[in-house]
$ cat coords.txt   # compact mmCIF, C-alpha atoms and all ligand atoms
# COMPACT_ATOMS: atom_id res chain seq x y z
CA MET A 1 128.33 237.35 209.96
CA SER A 2 125.55 236.66 207.47
CA MET A 3 125.78 233.32 205.68
CA ARG A 4 123.58 234.63 202.88
CA LYS A 5 125.26 234.25 199.51
CA LYS A 6 125.76 237.62 197.81
CA LYS A 7 126.20 236.42 194.25
CA PHE A 8 125.64 233.36 192.13
CA THR A 9 127.50 232.24 189.05
CA VAL A 10 125.55 231.49 185.89
CA THR A 11 127.26 229.40 183.22
CA VAL A 12 126.00 229.42 179.65
CA ASP A 13 128.13 227.60 177.10
CA ASP A 14 131.63 229.03 177.55
CA HIS A 15 130.49 232.19 179.33
CA GLU A 16 130.06 232.93 182.99
CA PHE A 17 128.29 235.84 184.58
CA VAL A 18 127.10 236.73 188.05
CA ALA A 19 123.58 237.23 189.33
CA ARG A 20 122.36 238.52 192.67
CA PRO A 21 120.06 236.24 194.66
CA GLY A 22 116.53 236.84 193.37
CA GLU A 23 117.69 238.71 190.28
CA ILE A 24 115.89 238.07 186.99
CA LEU A 25 118.04 235.75 184.90
CA LEU A 26 117.69 237.77 181.68
CA ASP A 27 118.46 241.06 183.48
CA ALA A 28 121.64 239.58 184.93
CA ALA A 29 122.72 238.32 181.50
CA VAL A 30 122.02 241.63 179.79
CA ALA A 31 123.84 243.57 182.55
CA ALA A 32 126.86 241.32 182.04
CA GLY A 33 126.79 241.82 178.27
CA VAL A 34 125.85 238.18 177.62
CA GLU A 35 123.48 237.85 174.70
CA LEU A 36 120.46 235.74 175.54
CA PRO A 37 117.82 235.89 172.78
CA HIS A 38 114.79 237.90 173.90
CA ASP A 39 111.99 240.08 172.57
CA CYS A 40 109.03 241.16 174.75
CA ARG A 41 110.70 240.84 178.21
CA ILE A 42 107.28 240.38 179.82
CA GLY A 43 106.93 236.62 179.63
CA HIS A 44 104.79 236.37 176.52
CA CYS A 45 106.81 235.63 173.40
CA GLY A 46 108.94 232.71 174.66
CA THR A 47 112.00 233.91 172.74
CA CYS A 48 114.10 233.97 175.94
CA THR A 49 113.40 230.31 176.84
CA VAL A 50 116.47 228.51 178.24
CA GLU A 51 117.04 225.07 179.68
CA VAL A 52 118.26 225.02 183.28
CA THR A 53 120.56 222.00 183.34
CA ASN A 54 121.77 222.59 186.89
CA GLY A 55 120.56 224.84 189.69
CA ILE A 56 117.39 226.51 190.91
CA THR A 57 115.23 229.25 189.44
CA VAL A 58 111.75 230.34 190.44
CA GLY A 59 109.20 231.70 187.96
CA GLY A 60 109.02 231.71 184.19
CA GLU A 61 107.97 228.06 183.99
CA THR A 62 107.01 226.92 180.50
CA GLY A 63 105.32 223.65 181.42
CA GLN A 64 108.25 221.80 179.90
CA CYS A 65 110.75 220.07 182.10
CA ASP A 66 113.64 222.42 183.06
CA ARG A 67 112.74 225.02 180.43
CA VAL A 68 112.05 228.53 181.75
CA ARG A 69 111.54 231.99 180.34
CA ALA A 70 114.66 233.87 181.39
CA CYS A 71 112.84 237.21 181.55
CA GLN A 72 110.56 235.85 184.31
CA ALA A 73 112.93 233.48 186.13
CA TYR A 74 114.54 234.54 189.43
CA VAL A 75 117.98 233.15 190.20
CA PHE A 76 118.30 231.26 193.50
CA SER A 77 121.53 229.28 193.13
CA ASN A 78 124.52 228.89 190.90
CA LEU A 79 123.16 227.92 187.51
CA GLU A 80 124.11 226.10 184.36
CA ILE A 81 121.85 226.91 181.46
CA ALA A 82 121.68 225.88 177.81
CA VAL A 83 120.36 228.06 175.03
CA GLU A 84 119.24 226.73 171.66
CA GLU A 85 121.01 228.56 168.90
CA THR A 86 118.70 230.75 166.84
CA PRO A 87 119.40 233.51 164.30
CA LYS A 88 119.99 236.86 165.97
CA PRO A 89 117.05 239.26 165.50
CA SER A 90 117.73 242.22 163.23
CA GLN A 91 115.90 244.73 161.06
CA ILE A 92 115.90 244.48 157.29
CA ALA A 93 114.21 246.63 154.67
CA GLY A 94 112.31 245.08 151.80
CA ARG A 95 109.54 245.53 149.26
CA ILE A 96 106.36 243.68 148.39
CA THR A 97 106.72 241.82 145.11
CA GLU A 98 103.33 240.09 144.98
CA ILE A 99 99.96 240.03 146.71
CA GLN A 100 97.83 237.08 145.73
CA GLU A 101 94.31 236.26 146.91
CA VAL A 102 94.50 232.55 147.80
CA ALA A 103 90.99 232.22 149.27
CA GLU A 104 88.24 234.51 150.42
CA GLY A 105 89.78 236.83 153.00
CA VAL A 106 93.27 235.29 152.80
CA VAL A 107 96.20 236.70 150.83
CA GLU A 108 99.68 235.39 150.20
CA VAL A 109 102.15 238.28 150.35
CA THR A 110 105.64 237.90 148.90
CA ILE A 111 108.38 240.23 150.10
CA ALA A 112 111.87 240.69 148.67
CA PRO A 113 114.24 241.64 151.52
CA ASN A 114 117.27 243.84 150.76
CA ARG A 115 119.46 241.08 152.17
CA ARG A 116 118.79 237.49 153.19
CA PHE A 117 116.50 237.23 156.20
CA GLU A 118 117.68 234.35 158.39
CA PHE A 119 115.02 232.50 160.36
CA LEU A 120 114.20 229.00 161.52
CA PRO A 121 111.06 227.52 159.94
CA GLY A 122 108.17 228.18 162.33
CA GLN A 123 109.56 231.43 163.77
CA TYR A 124 107.76 234.72 163.25
CA CYS A 125 108.77 238.29 162.51
CA GLY A 126 107.33 241.78 162.69
CA LEU A 127 106.31 243.39 159.40
CA GLN A 128 105.83 247.12 159.21
CA PHE A 129 104.45 248.27 155.89
CA ARG A 130 105.48 251.92 155.54
CA GLY A 131 102.78 254.17 157.00
CA PHE A 132 101.08 251.33 158.91
CA PRO A 133 101.53 249.79 162.37
CA LYS A 134 103.70 246.70 162.82
CA ARG A 135 102.11 243.24 162.84
CA ASN A 136 103.55 239.78 163.46
CA PHE A 137 103.46 237.07 160.79
CA SER A 138 105.31 233.83 160.12
CA PRO A 139 107.29 233.41 156.91
CA THR A 140 106.40 230.16 155.22
CA ALA A 141 107.30 227.90 152.30
CA CYS A 142 105.86 227.74 148.80
CA MET A 143 102.61 225.77 149.00
CA SER A 144 103.13 223.82 145.78
CA SER A 145 106.75 222.77 146.34
CA ALA A 146 107.43 223.05 150.11
CA SER A 147 110.55 225.04 149.27
CA PHE A 148 111.95 228.27 150.68
CA GLY A 149 113.46 230.95 148.46
CA TYR A 150 115.26 234.23 148.99
CA ASN A 151 111.91 236.05 148.97
CA LEU A 152 109.64 235.64 151.99
CA LYS A 153 106.05 234.39 151.75
CA PHE A 154 103.35 235.16 154.31
CA HIS A 155 99.73 234.00 154.64
CA ILE A 156 97.66 236.89 155.91
CA LYS A 157 94.02 236.95 156.89
CA ARG A 158 92.18 240.15 156.12
CA VAL A 159 90.56 241.51 159.25
CA ARG A 160 87.65 243.75 158.33
CA SER A 161 88.19 246.19 161.19
CA GLY A 162 91.99 245.93 161.06
CA GLN A 163 94.42 248.80 160.62
CA VAL A 164 96.67 246.94 158.19
CA THR A 165 95.29 243.83 156.51
CA PRO A 166 92.19 245.38 154.81
CA PHE A 167 94.56 247.60 152.84
CA LEU A 168 96.63 244.81 151.29
CA GLY A 169 96.09 245.16 147.56
CA SER A 170 94.76 248.74 147.80
CA ARG A 171 96.84 251.21 149.84
CA ILE A 172 99.50 248.53 150.35
CA ARG A 173 100.52 247.25 146.93
CA THR A 174 103.34 245.68 144.99
CA GLY A 175 106.46 247.79 145.52
CA HIS A 176 105.34 249.04 148.97
CA PRO A 177 108.34 249.37 151.33
CA VAL A 178 108.32 247.18 154.40
CA ARG A 179 110.57 246.77 157.43
CA ILE A 180 111.13 243.20 158.61
CA GLU A 181 112.14 242.68 162.23
CA GLY A 182 113.07 239.34 163.77
CA PRO A 183 113.09 236.41 163.83
CA PHE A 184 111.37 235.61 167.13
CA GLY A 185 109.69 232.66 168.79
CA VAL A 186 110.48 229.16 169.95
CA ALA A 187 108.02 227.07 167.92
CA TYR A 188 110.54 226.30 165.19
CA HIS A 189 111.73 223.17 163.44
CA ARG A 190 114.53 221.39 165.28
CA ASN A 191 117.02 219.59 163.09
CA GLY A 192 118.33 216.14 163.75
CA ARG A 193 115.26 214.64 165.44
CA ALA A 194 113.64 211.43 164.25
CA ASN A 195 110.55 211.15 166.46
CA ARG A 196 107.04 211.62 165.11
CA LEU A 197 105.96 215.17 164.33
CA VAL A 198 102.34 216.05 165.00
CA LEU A 199 101.26 219.46 163.73
CA ALA A 200 97.95 221.27 164.11
CA GLY A 201 97.19 224.51 162.28
CA SER A 202 93.97 226.46 161.96
CA GLY A 203 93.37 229.40 159.62
CA THR A 204 96.52 231.31 158.75
CA GLY A 205 98.19 229.53 161.67
CA PHE A 206 98.89 227.10 158.85
CA ALA A 207 101.82 229.34 157.76
CA PRO A 208 104.31 228.39 160.52
CA ILE A 209 103.04 224.80 160.49
CA TRP A 210 103.70 224.52 156.76
CA ALA A 211 107.16 226.02 157.23
CA ILE A 212 107.99 223.31 159.79
CA VAL A 213 106.57 220.51 157.62
CA SER A 214 108.52 221.77 154.60
CA ALA A 215 111.77 221.85 156.57
CA ALA A 216 111.13 218.37 157.99
CA LEU A 217 110.35 216.94 154.54
CA SER A 218 113.58 218.25 153.11
CA GLU A 219 115.74 217.34 156.11
CA SER A 220 114.40 213.84 156.79
CA PRO A 221 111.89 212.63 154.20
CA GLY A 222 111.43 209.34 156.08
CA ARG A 223 110.25 210.97 159.30
CA GLU A 224 106.67 210.24 160.34
CA ILE A 225 104.50 213.35 160.19
CA VAL A 226 100.83 213.85 161.04
CA LEU A 227 99.52 217.13 159.67
CA VAL A 228 96.07 218.23 160.82
CA CYS A 229 94.99 221.56 159.36
CA GLY A 230 91.89 223.42 158.37
CA THR A 231 89.69 226.46 158.58
CA ARG A 232 86.36 227.46 160.01
CA GLU A 233 84.64 227.90 156.64
CA TYR A 234 85.20 226.22 153.31
CA ARG A 235 85.53 229.52 151.47
CA SER A 236 88.70 230.36 153.43
CA PHE A 237 90.21 226.86 153.05
CA TYR A 238 93.33 227.95 151.20
CA MET A 239 95.87 225.21 151.95
CA ALA A 240 94.63 222.39 149.70
CA LYS A 241 97.62 222.57 147.34
CA ALA A 242 100.08 222.26 150.22
CA LEU A 243 98.19 219.38 151.82
CA GLU A 244 98.12 217.56 148.47
CA PHE A 245 101.88 218.00 148.18
CA ALA A 246 102.47 216.68 151.70
CA ALA A 247 100.14 213.71 151.21
CA LYS A 248 102.32 212.40 148.37
CA HIS A 249 105.00 211.53 150.92
CA LYS A 250 104.82 208.00 152.24
CA ARG A 251 105.25 208.71 155.94
CA VAL A 252 102.99 211.77 156.01
CA SER A 253 99.35 211.55 157.12
CA VAL A 254 97.20 214.54 156.26
CA ILE A 255 93.88 215.29 157.95
CA PRO A 256 92.10 218.37 156.53
CA THR A 257 89.42 219.79 158.81
CA LEU A 258 86.49 222.14 158.51
CA GLU A 259 84.58 223.57 161.45
CA GLN A 260 81.36 224.76 159.89
CA LEU A 261 78.77 222.56 158.30
CA PRO A 262 77.75 221.73 155.67
CA ARG A 263 80.75 219.64 154.78
CA VAL A 264 81.47 219.80 151.10
CA SER A 265 83.55 216.68 150.89
CA LYS A 266 83.97 213.45 152.78
CA LEU A 267 87.70 214.17 152.67
CA LEU A 268 87.25 216.97 155.19
CA ALA A 269 86.90 216.01 158.84
CA GLU A 270 84.37 218.00 160.83
CA GLY A 271 85.72 220.09 163.69
CA THR A 272 88.99 221.76 164.58
CA PRO A 273 92.43 220.16 164.18
CA ALA A 274 92.40 219.46 167.94
CA HIS A 275 89.42 217.16 167.44
CA HIS A 276 91.32 215.00 164.94
CA LEU A 277 94.78 214.63 166.43
CA PRO A 278 96.08 211.07 166.67
CA ASP A 279 96.62 209.57 170.12
CA LEU A 280 99.76 211.27 171.37
CA THR A 281 102.68 209.61 173.11
CA GLU A 282 105.55 211.01 175.14
CA ASP A 283 107.86 210.50 172.17
CA ASP A 284 105.92 212.91 169.95
CA MET A 285 106.94 216.43 169.09
CA VAL A 286 103.77 218.50 168.83
CA TYR A 287 103.28 221.96 167.31
CA ALA A 288 100.13 224.06 167.12
CA ALA A 289 99.33 227.46 165.61
CA GLY A 290 96.07 229.27 165.03
CA SER A 291 93.07 230.00 167.20
CA PRO A 292 93.87 230.21 170.93
CA LYS A 293 91.14 227.72 171.79
CA MET A 294 92.47 225.11 169.37
CA VAL A 295 96.07 225.71 170.49
CA SER A 296 95.12 225.32 174.15
CA HIS A 297 93.30 222.04 173.40
CA VAL A 298 96.36 220.67 171.65
CA ALA A 299 98.63 221.95 174.44
CA GLU A 300 96.55 220.12 177.03
CA MET A 301 96.55 216.89 175.02
CA ALA A 302 100.33 217.09 174.64
CA ARG A 303 100.72 217.80 178.35
CA VAL A 304 98.61 214.79 179.31
CA ALA A 305 100.62 212.56 176.94
CA GLY A 306 103.94 213.97 178.15
CA ALA A 307 104.87 215.03 174.60
CA ASP A 308 107.08 218.01 173.74
CA PHE A 309 104.83 220.90 172.75
CA TYR A 310 105.64 224.14 170.96
CA ALA A 311 103.44 227.13 170.11
CA ASP A 312 104.14 230.82 169.77
CA PRO A 313 101.75 233.20 171.49
CA PHE A 314 100.03 235.00 168.71
CA GLU A 315 97.27 234.41 166.28
CA ALA A 316 98.42 235.91 163.02
CA SER A 317 96.62 239.00 161.81
CA THR A 318 93.32 238.56 163.54
CA SER A 319 92.89 241.91 165.18
CA SER A 320 93.48 245.59 164.82
CA GLU A 321 95.34 245.80 168.12
CA GLY A 322 99.06 246.28 168.62
CA SER A 323 101.20 243.18 168.96
CA LEU A 324 101.64 243.38 172.74
CA GLN A 325 97.91 243.82 173.28
CA ARG A 326 97.32 240.89 170.97
CA VAL A 327 99.81 238.71 172.82
CA GLY A 328 98.12 239.60 176.13
CA ARG A 329 94.71 238.80 174.69
CA TRP A 330 96.05 235.49 173.32
CA ILE A 331 97.39 234.49 176.75
CA GLU A 332 94.07 235.37 178.40
CA GLN A 333 92.11 233.38 175.83
CA VAL A 334 94.38 230.37 176.19
CA LYS A 335 94.03 230.49 179.99
CA ALA A 336 90.25 230.79 179.75
CA ALA A 337 89.99 227.98 177.22
CA ALA A 338 92.33 225.75 179.23
CA THR A 339 90.12 225.97 182.30
CA SER A 340 87.08 224.84 180.32
CA LEU A 341 88.69 221.83 178.68
CA LEU A 342 86.73 218.64 178.62
CA PRO A 343 88.59 215.66 180.12
CA ASN A 344 88.96 214.08 176.71
CA VAL A 345 88.83 216.54 173.86
CA ALA A 346 89.84 213.98 171.25
S1 LIG B 401 111.51 237.90 176.17
FE1 LIG B 401 110.94 236.49 177.69
S2 LIG B 401 109.05 235.74 177.03
FE2 LIG B 401 109.51 237.33 175.60
$ encode --input "coords.txt" --output "structure tokens"
Amino acid sequence: MSMRKKKFTVTVDDHEFVARPGEILLDAAVAAGVELPHDCRIGHCGTCTVEVTNGITVGGETGQCDRVRACQAYVFSNLEIAVEETPKPSQIAGRITEIQEVAEGVVEVTIAPNRRFEFLPGQYCGLQFRGFPKRNFSPTACMSSASFGYNLKFHIKRVRSGQVTPFLGSRIRTGHPVRIEGPFGVAYHRNGRANRLVLAGSGTGFAPIWAIVSAALSESPGREIVLVCGTREYRSFYMAKALEFAAKHKRVSVIPTLEQLPRVSKLLAEGTPAHHLPDLTEDDMVYAAGSPKMVSHVAEMARVAGADFYADPFEASTSSEGSLQRVGRWIEQVKAAATSLLPNVA
């Protein structure tokens, strides 16, 4: 008689379900009617990340101890897993209430949803302006007050060859209907932590970073925060007001960066945010959003230091491709950049 085990038991919170040996963890959960958060199901978005507190899985590794992507993880024993609670993704209709040019090539778009859109600061959602393809963006906080309102604010870079962003303000105007889908992603603010937050954002990757900073400032104003953000060119440096607001807080250090010379002010550090991160320690919680190269540098620095690191796999509004193509491209760029890292990028 075969000794091979036919089924394993997976325990998540108060639920139990069964999985066949070698079955994908997410597939087994879905088949059993257990709701594990997920989006792409191909290992890219990170929404399905779970912590394996007991047992063995193979595949879906995230680089963080015991955390795996359930859509890529094969079950090889009985398991106990823990899932961080996040708002359940849904679809909501809304309308644009304002489009404001905040710097050359960058607009802030405000959307009034038909009902409250629940998300955790740092998460992203899909926006589909009626008549245009869907794109992913991160809702963020008001730049002058670090507050969130009922309406959603997005920082969007115009991409000259894009199918959506060049039309903001022309074919897509105030009053334009939009469908909001989400929230998704794992790079969100976690409540109740007191360790240092180190955040790096380039370009409109500043949007999720600012959402996290705003949430942290309101939840625990005494928490130490290092915020390193900037753009490639001065003309698209749109986040000055937000950085000024953050810098007024005692425990917040702000390092604005600019990649392209000439520098216009001694207050701006030359280079990308990755070049100006503080020395990291294993107690830090590190977030990065923006260009894949910068994100991969920060990821590597966090890995070397043993710090917790969070990033979602997309660079907001920088191409005319569909979201899955963009995610795939992002992953490829991160892999390529990671292999060419210098030993000490700081
Ligand atoms: S659903 Fe697993 S990574 Fe997207």
$ residues_near_ligand --input "coords.txt" --ligand "ligand LIG 401 (chain B)" --cutoff "6 Å" --atoms "all atoms listed in the file" --output "MDAnalysis selection string"
chainID A and resid 38:48 69:71
$ residues_around --input "coords.txt" --residues "region 158-165 of chain A" --least-positions-apart "4" --cutoff "12 Å" --atoms "all atoms listed in the file" --output "CSV table (one decimal) with C-alpha atoms, in the frame of the given file"
chain,number,residue,atom,x,y,z
A,99,ILE,CA,100.0,240.0,146.7
A,101,GLU,CA,94.3,236.3,146.9
A,102,VAL,CA,94.5,232.6,147.8
A,103,ALA,CA,91.0,232.2,149.3
A,104,GLU,CA,88.2,234.5,150.4
A,105,GLY,CA,89.8,236.8,153.0
A,106,VAL,CA,93.3,235.3,152.8
A,107,VAL,CA,96.2,236.7,150.8
A,108,GLU,CA,99.7,235.4,150.2
A,109,VAL,CA,102.2,238.3,150.4
A,127,LEU,CA,106.3,243.4,159.4
A,128,GLN,CA,105.8,247.1,159.2
A,129,PHE,CA,104.4,248.3,155.9
A,130,ARG,CA,105.5,251.9,155.5
A,131,GLY,CA,102.8,254.2,157.0
A,132,PHE,CA,101.1,251.3,158.9
A,133,PRO,CA,101.5,249.8,162.4
A,134,LYS,CA,103.7,246.7,162.8
A,135,ARG,CA,102.1,243.2,162.8
A,136,ASN,CA,103.6,239.8,163.5
A,137,PHE,CA,103.5,237.1,160.8
A,169,GLY,CA,96.1,245.2,147.6
A,170,SER,CA,94.8,248.7,147.8
A,171,ARG,CA,96.8,251.2,149.8
A,172,ILE,CA,99.5,248.5,150.4
A,173,ARG,CA,100.5,247.2,146.9
A,203,GLY,CA,93.4,229.4,159.6
A,204,THR,CA,96.5,231.3,158.8
A,236,SER,CA,88.7,230.4,153.4
A,316,ALA,CA,98.4,235.9,163.0
A,317,SER,CA,96.6,239.0,161.8
A,318,THR,CA,93.3,238.6,163.5
A,319,SER,CA,92.9,241.9,165.2
A,320,SER,CA,93.5,245.6,164.8
A,321,GLU,CA,95.3,245.8,168.1
A,322,GLY,CA,99.1,246.3,168.6
$ atom_distance --input "coords.txt" --atom1 "CA of His176 (chain A)" --atom2 "CA of Gln123 (chain A)"
23.4 Å
$ closest_residue --input "coords.txt" --among "A:Val304, A:Ala200, A:Phe237, A:Leu217" --to "His275 (chain A)" --atoms "all atoms listed in the file"
A:Ala200
$ closest_residue --input "coords.txt" --among "A:Pro166, A:Gly182, A:Pro121, A:Gly175" --to "Ile92 (chain A)" --atoms "all atoms listed in the file"
A:Gly182
$ axis_aligned_box --input "coords.txt" --around "region 215-227 of chain A" --padding-each-side "3 Å" --output "AutoDock Vina command-line options"
--center_x 107.6 --center_y 215.6 --center_z 157.1 --size_x 22.2 --size_y 18.5 --size_z 13.9
$ atom_distance --input "coords.txt" --atom1 "CA of Arg235 (chain A)" --atom2 "CA of Ser202 (chain A)"
13.8 Å
$ closest_residue --input "coords.txt" --among "A:Ala307, A:Lys241, A:Ile24, A:Pro278" --to "Gly60 (chain A)" --atoms "all atoms listed in the file"
A:Ile24
